[in-house]
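Chemist: Take this structure first; my questions come after.
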Amino acid sequence: MSAPVKISLPDGSVREMPAGSTPADVAAAIGPGLAKAALAARVDYGAGSELVDLSRPFAGDAQLALVTSRDEADALELARHDFAHVLAEAVQALFPGTQITFGPSTDDGFYYDFDPDARPFTEEDLPEIEAEMRRIIAADKPIRREVVGRDELIAKWRSVGEAFKAEWAGELPEDEELTVYWSGEDWYDMCRGPHLPSTGKLDPAAFKLTRVSGAYWRGDQKNAMLSRIYGTGWLNKKQLDTHLHRLEEAAKRDHRKLGQEMDLFHLQSEAHGSVFWHPKGYLIWRALEAYMRRAIDTAGYKEVKTPQVMDARQWEQSGHWGKYRENMFVIPDEVPNTEDDGPVISGEAEWMALKPMNCPAHVLIFRQGIKSYRDLPLRLYENGCCHRNEPHGALHGLMRVRQFTQDDAHIFCREDQIVEEARAFCALADRIYNDFGFTYAVKLALRPDQRFGADADWDKAEAELREAVVRAGMATDDYGWEELPGEGAFYAPKLEWHLTDAIGRTWQVGTLQSDRVLPERLDASYIAEDGDKHRPVMLHRAIFGSYERFIGILIEHFAGKLPVWLAPVQAVVATIVSDADDYARDVVRQLEAAGIRVEADLRNEKINYKVREHSLKKVPHMLVLGKREAEEGTVALRSMGAEHQKVMPLAEAIAMLRAEATPPDLRLP
């Protein structure tokens, strides 16, 4: 008879359970309330906790934490995974002959890819599928895990016409244990798990199918086109309603829609993934660029400009050629053919690439001339235009583009300067994000499995960034401090700044990376105090990330109602009657002289029409002028969001507008 197992619980108590016991048995032993509430378990045999099914027998003595709906991160992951399986089961029940492929959870829900037997699915199918999903949930079907032999599973998939599942099962590692999960006794899917104990643990009112799209099998356009059904899934209806409201609000704030309404930019097929900036949109860009230049000048950076195209040998030496070549725009470096003047292209040396990042070029600038330890730190900044060959399907307005400009800088420093330079950057980023009204979280992304450099260097780099955040006073819950194992770049750990916008979404924007690899690969050195050559450490840093994406975030965060200092048109002078036209022209001249970006609207239209039109374009202020205002030298000021207009002397209005139009870094304390 097998020996009992000792199960340690979070409260420090230890329960001795018979061999073959499961987390569900422990929950039942503690009490019926916990047995009902338990959804899964975290089990730790000494090598780290693993999320498992409640019905999974213990493999030995273990630490156990039972997962309930209060453990929201784990509970949501489980629920969304199960919603995906229920979706697949519902589709196959309603549309016999449909093949299933994959169905993962996502950040706010789930999706599943199908190969329909007759026709692609459409959004008209979703209500019927939702109803069938609710029937499956109401049936409270038990979910059961089964280990299956590889050959048996492949044969089983082939016997029921599931070619995609059979293909995938045949390619999984030989030593991997293959499992299926049964929903009741009549439907199953291949899955690693874990899952909830039964379909009834899902809230039938906490999900919604949202859309249908096409997707290639395994993401390869050479393969079959599948139908992908997306859904959003939550633990309860309140969470779902909150999310749907956020989606509705996000649709209103969509930067693509507002960009068109405000005449800021457009995109078109003649330049996939590149932005056509209109005059008003480029005014926002210029205001941001001027603001950032003032910030980096004050912080001791030197601005540079580097080439768009560089030789492939440079990218190969830096390591980017091997890691990023498929995402680089590569062009031949043509040399004359002496016989017929046609082009000759041969060998890797004759290939050039549009730069996907600025860092190797900044190393080349650093290498010009001999650098002394007294020259460090050297902070090189560039508004660097880069190109990356993003897939067409991944492009999304300003948020994901092929041509973008980074507020990019690289700090070359000595070992003893790293922590202070990183701390100073934390302070600079904090001031800038506060100027825009953002709150943020700071996270440290640690070494990935595949990486360049020695472990000792990674140990130092991670410790230095950690210490810098501590010195900056940001390694606290107030700053959302968190460490992210495995999420660093292939050459360096990095600090990440995650901004929270007005409707609670987060955007990873700023980064700081501590890199000892690239200076070594590109042979950067300085003469140290001992007279020998030493490698500098290279801190890669950005605050906006890219101007395109940051402008998109700003538009959505402010719902187009940008702060006055960023608004492309800060005020409109609009007349009620033509008798006020001359006064309006004089008001415009005075506003322009005060540095206000102003337009005049002297059209023969009703004032309410003018107000509506300029409100749609998110103009912060309107100065409405009639005969009385012209006679008295006043203006009727209508500010966006204010319920009532305010009549004031023109000089007072100009002073108010000038104060609001002053960038935050130039305002007097």
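A note on labels: chains of the structure tokens are A, B, ... as shown, every chain counts residues from 1, and ligands are counted from 1 in their shown order.
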List every residue of segment 289-463 of chain A that DSSP, applied to the backbone, labels as helix (DSSP H, G or I), and write the result as a count of residues only.
Modeler: 73
Chemist: Rank A:Arg144, A:Ser69, A:Asp151, A:Ile365 by their smallest atom-to-atom distance to Trp234 of chain A, using only C-alpha atoms, and report the top residue only.
Modeler: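 Result for the nearest residue to Trp234 of chain A: A:Ser69.
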Chemist: Contacts of Ala40 of chain A at 9 Å or less, counting only C-alpha atoms, minus same-chain residues fewer than 3 places along, as a short mmCIF file (atom, residue, chain, number, x, y, z; two decimals) with C-alpha atoms, in the first residue's frame?
Modeler:
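out.cif, written as the output of this step:
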```cif
data_model
loop_
_atom_site.label_atom_id
_atom_site.label_comp_id
_atom_site.auth_asym_id
_atom_site.auth_seq_id
_atom_site.Cartn_x
_atom_site.Cartn_y
_atom_site.Cartn_z
CA PRO A 23 -6.67 18.81 -4.68
CA ALA A 24 -10.44 18.32 -4.83
CA LEU A 51 -1.54 25.30 -12.08
CA VAL A 52 -3.33 21.94 -12.32
CA ASP A 53 -6.82 20.44 -12.46
CA LEU A 54 -8.56 19.74 -9.18
CA SER A 55 -8.82 16.08 -10.21
CA ALA A 65 -2.91 26.59 -2.86
CA LEU A 66 -6.50 26.14 -3.99
CA VAL A 67 -7.61 28.58 -6.70
CA THR A 68 -11.00 30.27 -6.40
CA ASP A 74 -5.60 32.31 -12.56
CA ALA A 75 -9.39 32.16 -12.55
CA LEU A 78 -9.03 29.10 -16.70
CA PRO A 194 -5.63 22.76 -16.94
CA HIS A 195 -9.40 23.24 -17.00
CA LEU A 196 -12.29 23.90 -14.65
CA PRO A 197 -14.01 20.87 -13.07
#
```
Chemist: If we count only C-alpha atoms and set the cut-off at 8 Å, which residues sit around His540 of chain A, ignoring sequence neighbours fewer than 5 positions away in its own chain? Please answer as an MDAnalysis selection string.
Modeler: chainID A and resid 359 408:411 511:515
Chemist: In Å, rounded to a single decimal, give me how far atom CA of Pro493 of chain A is from atom CA of Ile527 of chain A.
Modeler: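 Value for the atom CA of Ile527 of chain A-atom CA of Pro493 of chain A distance: 26.2 Å.
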Chemist: I want to know what sits within 9 Å of segment 290-293 of chain A, based on only C-alpha atoms, with residues of the same chain fewer than 4 positions away left out; could you give that as a PDB file with N, CA and C atoms, in the first residue's frame?
Modeler:
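Written output follows (selection.pdb):
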```pdb
ATOM      1  N   TRP A 285       2.983  66.706 -33.854  1.00  0.00           N
ATOM      2  CA  TRP A 285       4.325  66.106 -33.922  1.00  0.00           C
ATOM      3  C   TRP A 285       5.389  67.133 -33.555  1.00  0.00           C
ATOM      4  N   ARG A 286       5.321  68.311 -34.192  1.00  0.00           N
ATOM      5  CA  ARG A 286       6.326  69.342 -33.963  1.00  0.00           C
ATOM      6  C   ARG A 286       6.324  69.819 -32.512  1.00  0.00           C
ATOM      7  N   ASP A 297      17.990  68.354 -24.066  1.00  0.00           N
ATOM      8  CA  ASP A 297      19.039  69.373 -23.943  1.00  0.00           C
ATOM      9  C   ASP A 297      19.337  69.644 -22.474  1.00  0.00           C
ATOM     10  N   THR A 298      18.288  69.759 -21.685  1.00  0.00           N
ATOM     11  CA  THR A 298      18.459  70.017 -20.252  1.00  0.00           C
ATOM     12  C   THR A 298      19.150  68.846 -19.562  1.00  0.00           C
ATOM     13  N   GLU A 303      22.352  65.715 -29.709  1.00  0.00           N
ATOM     14  CA  GLU A 303      21.530  65.166 -30.788  1.00  0.00           C
ATOM     15  C   GLU A 303      22.376  64.869 -32.014  1.00  0.00           C
ATOM     16  N   ASP A 407      12.121  58.425 -30.335  1.00  0.00           N
ATOM     17  CA  ASP A 407      12.884  59.389 -29.528  1.00  0.00           C
ATOM     18  C   ASP A 407      13.991  58.576 -28.856  1.00  0.00           C
ATOM     19  N   ILE A 432       8.395  63.606 -17.502  1.00  0.00           N
ATOM     20  CA  ILE A 432       7.728  63.713 -18.806  1.00  0.00           C
ATOM     21  C   ILE A 432       6.342  63.081 -18.770  1.00  0.00           C
ATOM     22  N   PRO A 663       3.733  75.132 -23.094  1.00  0.00           N
ATOM     23  CA  PRO A 663       4.059  73.748 -22.724  1.00  0.00           C
ATOM     24  C   PRO A 663       4.378  73.651 -21.233  1.00  0.00           C
ATOM     25  N   PRO A 664       4.055  72.528 -20.613  1.00  0.00           N
ATOM     26  CA  PRO A 664       4.208  72.406 -19.157  1.00  0.00           C
ATOM     27  C   PRO A 664       5.629  72.638 -18.665  1.00  0.00           C
ATOM     28  N   ASP A 665       6.631  72.284 -19.477  1.00  0.00           N
ATOM     29  CA  ASP A 665       8.011  72.460 -19.023  1.00  0.00           C
ATOM     30  C   ASP A 665       8.465  73.912 -19.075  1.00  0.00           C
TER      31      ASP A 665
END
```
Chemist: Quick one, how far is atom CA of His266 of chain A from atom CA of Lys305 of chain A?
Modeler: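 Spanning atom CA of His266 of chain A to atom CA of Lys305 of chain A is a straight-line distance of 26.7 Å.
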Chemist: So the first atom is atom CA of Glu462 of chain A and the second is atom CA of Met357 of chain A; what is the distance between them in Å, to one decimal place?
Modeler: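 Those two atoms sit 22.7 Å apart.
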Chemist: Write out as an MDAnalysis selection string each polymer residue whose atoms come within 9 Å of Trp315 of chain A, counting only C-alpha atoms; drop sequence neighbours fewer than 3 positions from it.
Modeler: chainID A and resid 310:312 318:322 325 353 355 360
Chemist: Got a sec: who's within 12 Å of Pro57 of chain A, counting only C-alpha atoms, leaving out chain neighbours fewer than 3 positions off, as a list of chain:residue names?
Modeler: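 My reading of the contact set: A:Val5, A:Ile7, A:Met17, A:Pro18, A:Ala19, A:Gly20, A:Ser21, A:Thr22, A:Pro23, A:Ala24, A:Asp25, A:Val26, A:Ala41, A:Val43, A:Val52, A:Asp53, A:Leu54, A:Gly60, A:Asp61, A:Ala62, A:Arg145.
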Chemist: Include C-alpha atoms and write out the residues we just selected as a CSV table (one decimal), in the first residue's frame.
Modeler:
```csv
chain,number,residue,atom,x,y,z
A,5,VAL,CA,1.2,12.3,1.1
A,7,ILE,CA,0.1,18.5,1.8
A,17,MET,CA,-3.9,12.5,2.6
A,18,PRO,CA,-4.1,8.9,1.3
A,19,ALA,CA,-2.0,8.1,-1.8
A,20,GLY,CA,-3.9,9.0,-5.0
A,21,SER,CA,-5.7,12.0,-3.4
A,22,THR,CA,-6.4,15.1,-5.4
A,23,PRO,CA,-6.7,18.8,-4.7
A,24,ALA,CA,-10.4,18.3,-4.8
A,25,ASP,CA,-10.2,15.8,-2.0
A,26,VAL,CA,-8.2,18.3,0.1
A,41,ALA,CA,-5.0,24.3,-7.7
A,43,VAL,CA,0.8,22.6,-6.6
A,52,VAL,CA,-3.3,21.9,-12.3
A,53,ASP,CA,-6.8,20.4,-12.5
A,54,LEU,CA,-8.6,19.7,-9.2
A,60,GLY,CA,4.1,13.2,-3.7
A,61,ASP,CA,4.4,15.6,-0.8
A,62,ALA,CA,3.6,19.1,-2.0
A,145,ARG,CA,-8.4,14.8,-18.4
```
Chemist: Of the candidates A:Val517, A:Val537, A:Leu495, A:Ile331, which one gets nearest to Phe412 of chain A if we count only C-alpha atoms?
Modeler: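 Going through A:Val517, A:Val537, A:Leu495, A:Ile331 one by one, the smallest distance to Phe412 of chain A is for A:Val537.
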Chemist: Using backbone DSSP assignments, extract all strand (DSSP E) residues from segment 113-253 of chain A; output them as a PyMOL selection string.
Modeler: chain A and resi 113-115+143-147+179-183+187-190+207-216+225-233
Chemist: Using only C-alpha atoms, which of A:Leu244, A:Leu202, A:Ala574, A:Leu650 sits nearest Leu625 of chain A?
Modeler: A:Ala574
Chemist: Against segment 155-178 of chain A, which residues of segment 185-289 of chain A fall within 10 Å? For each one I want the closest pair of atoms and the distance in Å (one decimal), counting only C-alpha atoms, rows by chain and increasing residue number, as a Markdown table.
Modeler:
```
| residue | atom | partner | partner_atom | distance |
| --- | --- | --- | --- | --- |
| A:Asp189 | CA | A:Lys165 | CA | 8.9 |
| A:Met190 | CA | A:Leu178 | CA | 7.7 |
| A:Cys191 | CA | A:Leu178 | CA | 7.8 |
| A:Arg192 | CA | A:Leu178 | CA | 7.4 |
| A:Trp217 | CA | A:Phe164 | CA | 8.5 |
| A:Arg218 | CA | A:Trp168 | CA | 9.8 |
```
Chemist: Pick out the closest residue to Val148 of chain A from this set: A:Gln221, A:Ser105, A:Ser227, A:Thr179. Count only C-alpha atoms.
Modeler: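 Looking only at the distances to Val148 of chain A, the closest residue turns out to be A:Thr179.
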Chemist: For the contact check between segment 117-143 of chain A and segment 90-95 of chain A, emit one row per residue of segment 117-143 of chain A within 7 Å, containing the shortest atom pair and the distance in Å rounded to one decimal, counting only C-alpha atoms, chain then rising number order, as CSV.
Modeler:
```
residue,atom,partner,partner_atom,distance
A:Ile129,CA,A:Ala90,CA,6.2
A:Glu132,CA,A:Ala90,CA,5.5
A:Met133,CA,A:Ala90,CA,5.5
```
Chemist: Using only C-alpha atoms, can you tell me which of A:Ser198, A:Asn389, A:Thr101, A:Gln314 comes closest to Ala224 of chain A?
Modeler: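 Nearest to Ala224 of chain A: A:Thr101.
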Chemist: Which is closer to Glu316 of chain A than all the others in A:Gly200, A:Arg521, A:Met656, A:Glu631, using only C-alpha atoms?
Modeler: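 Using only C-alpha atoms, Glu316 of chain A sits closest to A:Arg521.
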Chemist: Within 10 Å of segment 489-492 of chain A, which residues of segment 410-454 of chain A show up? Give each one with its shortest atom-to-atom distance in Å (one decimal) and the two atoms involved, counting only C-alpha atoms, rows by chain then rising residue number, as a tab-separated table.
Modeler:
```
residue	atom	partner	partner_atom	distance
A:Ala445	CA	A:Ala489	CA	8.1
A:Leu446	CA	A:Ala492	CA	8.2
A:Arg447	CA	A:Ala492	CA	7.1
A:Pro448	CA	A:Phe490	CA	6.6
A:Asp449	CA	A:Phe490	CA	8.5
A:Gln450	CA	A:Phe490	CA	6.4
A:Arg451	CA	A:Phe490	CA	4.3
A:Phe452	CA	A:Tyr491	CA	5.2
A:Gly453	CA	A:Tyr491	CA	6.8
```
